[in-house]
file input04.pdb (PDB, C-alpha atoms, pLDDT in the B column)
ATOM      1  CA  MET E   1      31.485  25.189   4.231  1.00 53.00           C
ATOM      2  CA  ARG E   2      29.118  22.442   5.319  1.00 58.00           C
ATOM      3  CA  ARG E   3      29.005  21.085   8.843  1.00 59.00           C
ATOM      4  CA  PRO E   4      27.274  17.702   8.843  1.00 58.00           C
ATOM      5  CA  TRP E   5      27.406  17.458  12.647  1.00 58.00           C
ATOM      6  CA  ARG E   6      25.203  20.532  12.946  1.00 56.00           C
ATOM      7  CA  HIS E   7      22.337  18.929  11.035  1.00 58.00           C
ATOM      8  CA  ALA E   8      22.581  15.814  13.194  1.00 62.00           C
ATOM      9  CA  THR E   9      22.396  17.959  16.321  1.00 83.00           C
ATOM     10  CA  ILE E  10      19.385  19.927  15.063  1.00 82.00           C
ATOM     11  CA  GLY E  11      17.668  16.690  14.059  1.00 82.00           C
ATOM     12  CA  THR E  12      18.315  15.242  17.496  1.00 87.00           C
ATOM     13  CA  VAL E  13      16.910  18.332  19.210  1.00 88.00           C
ATOM     14  CA  ASN E  14      13.877  18.215  16.922  1.00 89.00           C
ATOM     15  CA  THR E  15      13.233  14.570  17.779  1.00 91.00           C
ATOM     16  CA  LEU E  16      13.655  15.290  21.491  1.00 92.00           C
ATOM     17  CA  LEU E  17      11.173  18.180  21.272  1.00 92.00           C
ATOM     18  CA  ARG E  18       8.659  15.931  19.506  1.00 93.00           C
ATOM     19  CA  ILE E  19       8.970  13.374  22.326  1.00 94.00           C
ATOM     20  CA  VAL E  20       8.525  16.110  24.937  1.00 94.00           C
ATOM     21  CA  LEU E  21       5.413  17.332  23.112  1.00 93.00           C
ATOM     22  CA  LEU E  22       3.987  13.803  23.088  1.00 94.00           C
ATOM     23  CA  LEU E  23       4.664  13.398  26.819  1.00 94.00           C
ATOM     24  CA  TRP E  24       3.183  16.864  27.492  1.00 91.00           C
ATOM     25  CA  VAL E  25      -0.093  15.993  25.755  1.00 90.00           C
ATOM     26  CA  VAL E  26      -0.437  12.442  27.088  1.00 90.00           C
ATOM     27  CA  GLY E  27       0.693  13.410  30.599  1.00 87.00           C
ATOM     28  CA  TYR E  28      -1.911  16.159  30.867  1.00 82.00           C
ATOM     29  CA  LEU E  29      -4.669  13.861  29.672  1.00 80.00           C
ATOM     30  CA  PHE E  30      -3.553  11.134  32.068  1.00 80.00           C
ATOM     31  CA  VAL E  31      -3.425  13.457  35.074  1.00 75.00           C
ATOM     32  CA  SER E  32      -6.767  15.049  34.211  1.00 71.00           C
ATOM     33  CA  CYS E  33      -8.764  11.937  33.346  1.00 71.00           C
ATOM     34  CA  ALA E  34      -7.222   8.967  35.145  1.00 69.00           C
ATOM     35  CA  PRO E  35      -9.013   9.410  38.503  1.00 66.00           C
ATOM     36  CA  ILE E  36     -12.406   9.763  36.784  1.00 67.00           C
ATOM     37  CA  LEU E  37     -11.817   6.658  34.689  1.00 66.00           C
ATOM     38  CA  ASP E  38     -10.696   4.755  37.784  1.00 68.00           C
ATOM     39  CA  GLY E  39     -13.955   5.516  39.602  1.00 69.00           C
ATOM     40  CA  HIS E  40     -12.716   7.955  42.274  1.00 69.00           C
ATOM     41  CA  LEU E  41     -15.370  10.617  41.929  1.00 70.00           C
ATOM     42  CA  LEU E  42     -14.095  13.034  44.591  1.00 75.00           C
ATOM     43  CA  LEU E  43     -10.487  12.864  43.424  1.00 72.00           C
ATOM     44  CA  GLY E  44     -11.749  12.926  39.846  1.00 69.00           C
ATOM     45  CA  ALA E  45     -13.707  16.120  40.494  1.00 74.00           C
ATOM     46  CA  VAL E  46     -10.692  17.800  42.103  1.00 74.00           C
ATOM     47  CA  THR E  47      -8.360  16.863  39.252  1.00 71.00           C
ATOM     48  CA  PHE E  48     -11.028  17.837  36.699  1.00 71.00           C
ATOM     49  CA  VAL E  49     -11.215  21.335  38.175  1.00 75.00           C
ATOM     50  CA  GLY E  50      -7.415  21.438  38.342  1.00 73.00           C
ATOM     51  CA  GLY E  51      -7.310  20.329  34.725  1.00 72.00           C
ATOM     52  CA  ILE E  52      -9.581  23.193  33.708  1.00 77.00           C
ATOM     53  CA  ILE E  53      -7.382  25.669  35.586  1.00 80.00           C
ATOM     54  CA  LEU E  54      -4.218  24.261  33.988  1.00 80.00           C
ATOM     55  CA  LEU E  55      -5.716  24.169  30.486  1.00 83.00           C
ATOM     56  CA  VAL E  56      -4.340  27.568  29.456  1.00 85.00           C
ATOM     57  CA  PRO E  57      -0.716  26.828  30.494  1.00 87.00           C
ATOM     58  CA  TRP E  58      -1.047  23.424  28.789  1.00 87.00           C
ATOM     59  CA  VAL E  59      -2.183  25.026  25.528  1.00 91.00           C
ATOM     60  CA  LEU E  60       0.601  27.615  25.775  1.00 92.00           C
ATOM     61  CA  GLY E  61       3.081  24.786  26.293  1.00 91.00           C
ATOM     62  CA  ILE E  62       1.813  23.078  23.152  1.00 93.00           C
ATOM     63  CA  VAL E  63       2.183  26.299  21.159  1.00 95.00           C
ATOM     64  CA  VAL E  64       5.723  26.899  22.431  1.00 94.00           C
ATOM     65  CA  LEU E  65       6.803  23.302  21.792  1.00 93.00           C
ATOM     66  CA  ALA E  66       5.255  23.365  18.306  1.00 93.00           C
ATOM     67  CA  ALA E  67       7.111  26.603  17.509  1.00 94.00           C
ATOM     68  CA  LEU E  68      10.400  25.109  18.728  1.00 92.00           C
ATOM     69  CA  ILE E  69       9.806  21.958  16.691  1.00 91.00           C
ATOM     70  CA  ARG E  70       9.146  24.059  13.607  1.00 92.00           C
ATOM     71  CA  ALA E  71      12.238  26.183  14.264  1.00 90.00           C
ATOM     72  CA  THR E  72      14.491  23.131  14.626  1.00 88.00           C
ATOM     73  CA  ASN E  73      13.213  21.273  11.560  1.00 87.00           C
ATOM     74  CA  PRO E  74      16.210  20.217   9.476  1.00 75.00           C
ATOM     75  CA  PRO E  75      16.401  22.076   6.179  1.00 73.00           C
ATOM     76  CA  ARG E  76      14.988  20.239   3.188  1.00 73.00           C
ATOM     77  CA  ARG E  77      17.217  19.643   0.218  1.00 70.00           C
TER      78      ARG E  77
END
call {"tool": "encode", "arguments": {"input": "input04.pdb", "output": "structure tokens"}}
result
Amino acid sequence: MRRPWRHATIGTVNTLLRIVLLLWVVGYLFVSCAPILDGHLLLGAVTFVGGIILLVPWVLGIVVLAALIRATNPPRR
């Protein structure tokens, strides 16, 4: 028995996860690089060091989100 609503729900979750992944990547880059690009060297140095420290959790977040996106891909026909 086919449930068409289930595929719509999985597709919606997949799209939402893709948007979250995009925001995760762009948000990290913005937080890490914006003060340097704006010319605030002291604040830029602090956020640069913070960006290096948060690099590992950021990469882990990308891996987890990518795995969830792959798991929620709608089946191909």
call {"tool": "resolve_selection", "arguments": {"input": "input04.pdb", "expression": "the PyMOL selection byres ((chain E and resi 63-67) around 12)", "output": "ChimeraX atom specification"}}
result
/E:13-25,56-62,68-73
call {"tool": "closest_residue", "arguments": {"input": "input04.pdb", "among": "E:Ile10, E:Leu54, E:Leu41, E:Val46", "to": "Tyr28 in chain E", "atoms": "all atoms listed in the file"}}
result
E:Leu54
call {"tool": "resolve_selection", "arguments": {"input": "input04.pdb", "expression": "the PyMOL selection byres ((chain E and resi 48) around 9)", "output": "VMD selection string"}}
result
chain E and resid 31 to 33 35 to 36 43 to 47 49 to 53
call {"tool": "write_last_selection", "arguments": {"input": "input04.pdb", "atoms": "C-alpha atoms", "output": "PDB file, in the frame of the given file"}}
result
ATOM      1  CA  VAL E  31      -3.425  13.457  35.074  1.00 75.00           C
ATOM      2  CA  SER E  32      -6.767  15.049  34.211  1.00 71.00           C
ATOM      3  CA  CYS E  33      -8.764  11.937  33.346  1.00 71.00           C
ATOM      4  CA  PRO E  35      -9.013   9.410  38.503  1.00 66.00           C
ATOM      5  CA  ILE E  36     -12.406   9.763  36.784  1.00 67.00           C
ATOM      6  CA  LEU E  43     -10.487  12.864  43.424  1.00 72.00           C
ATOM      7  CA  GLY E  44     -11.749  12.926  39.846  1.00 69.00           C
ATOM      8  CA  ALA E  45     -13.707  16.120  40.494  1.00 74.00           C
ATOM      9  CA  VAL E  46     -10.692  17.800  42.103  1.00 74.00           C
ATOM     10  CA  THR E  47      -8.360  16.863  39.252  1.00 71.00           C
ATOM     11  CA  VAL E  49     -11.215  21.335  38.175  1.00 75.00           C
ATOM     12  CA  GLY E  50      -7.415  21.438  38.342  1.00 73.00           C
ATOM     13  CA  GLY E  51      -7.310  20.329  34.725  1.00 72.00           C
ATOM     14  CA  ILE E  52      -9.581  23.193  33.708  1.00 77.00           C
ATOM     15  CA  ILE E  53      -7.382  25.669  35.586  1.00 80.00           C
TER      16      ILE E  53
END
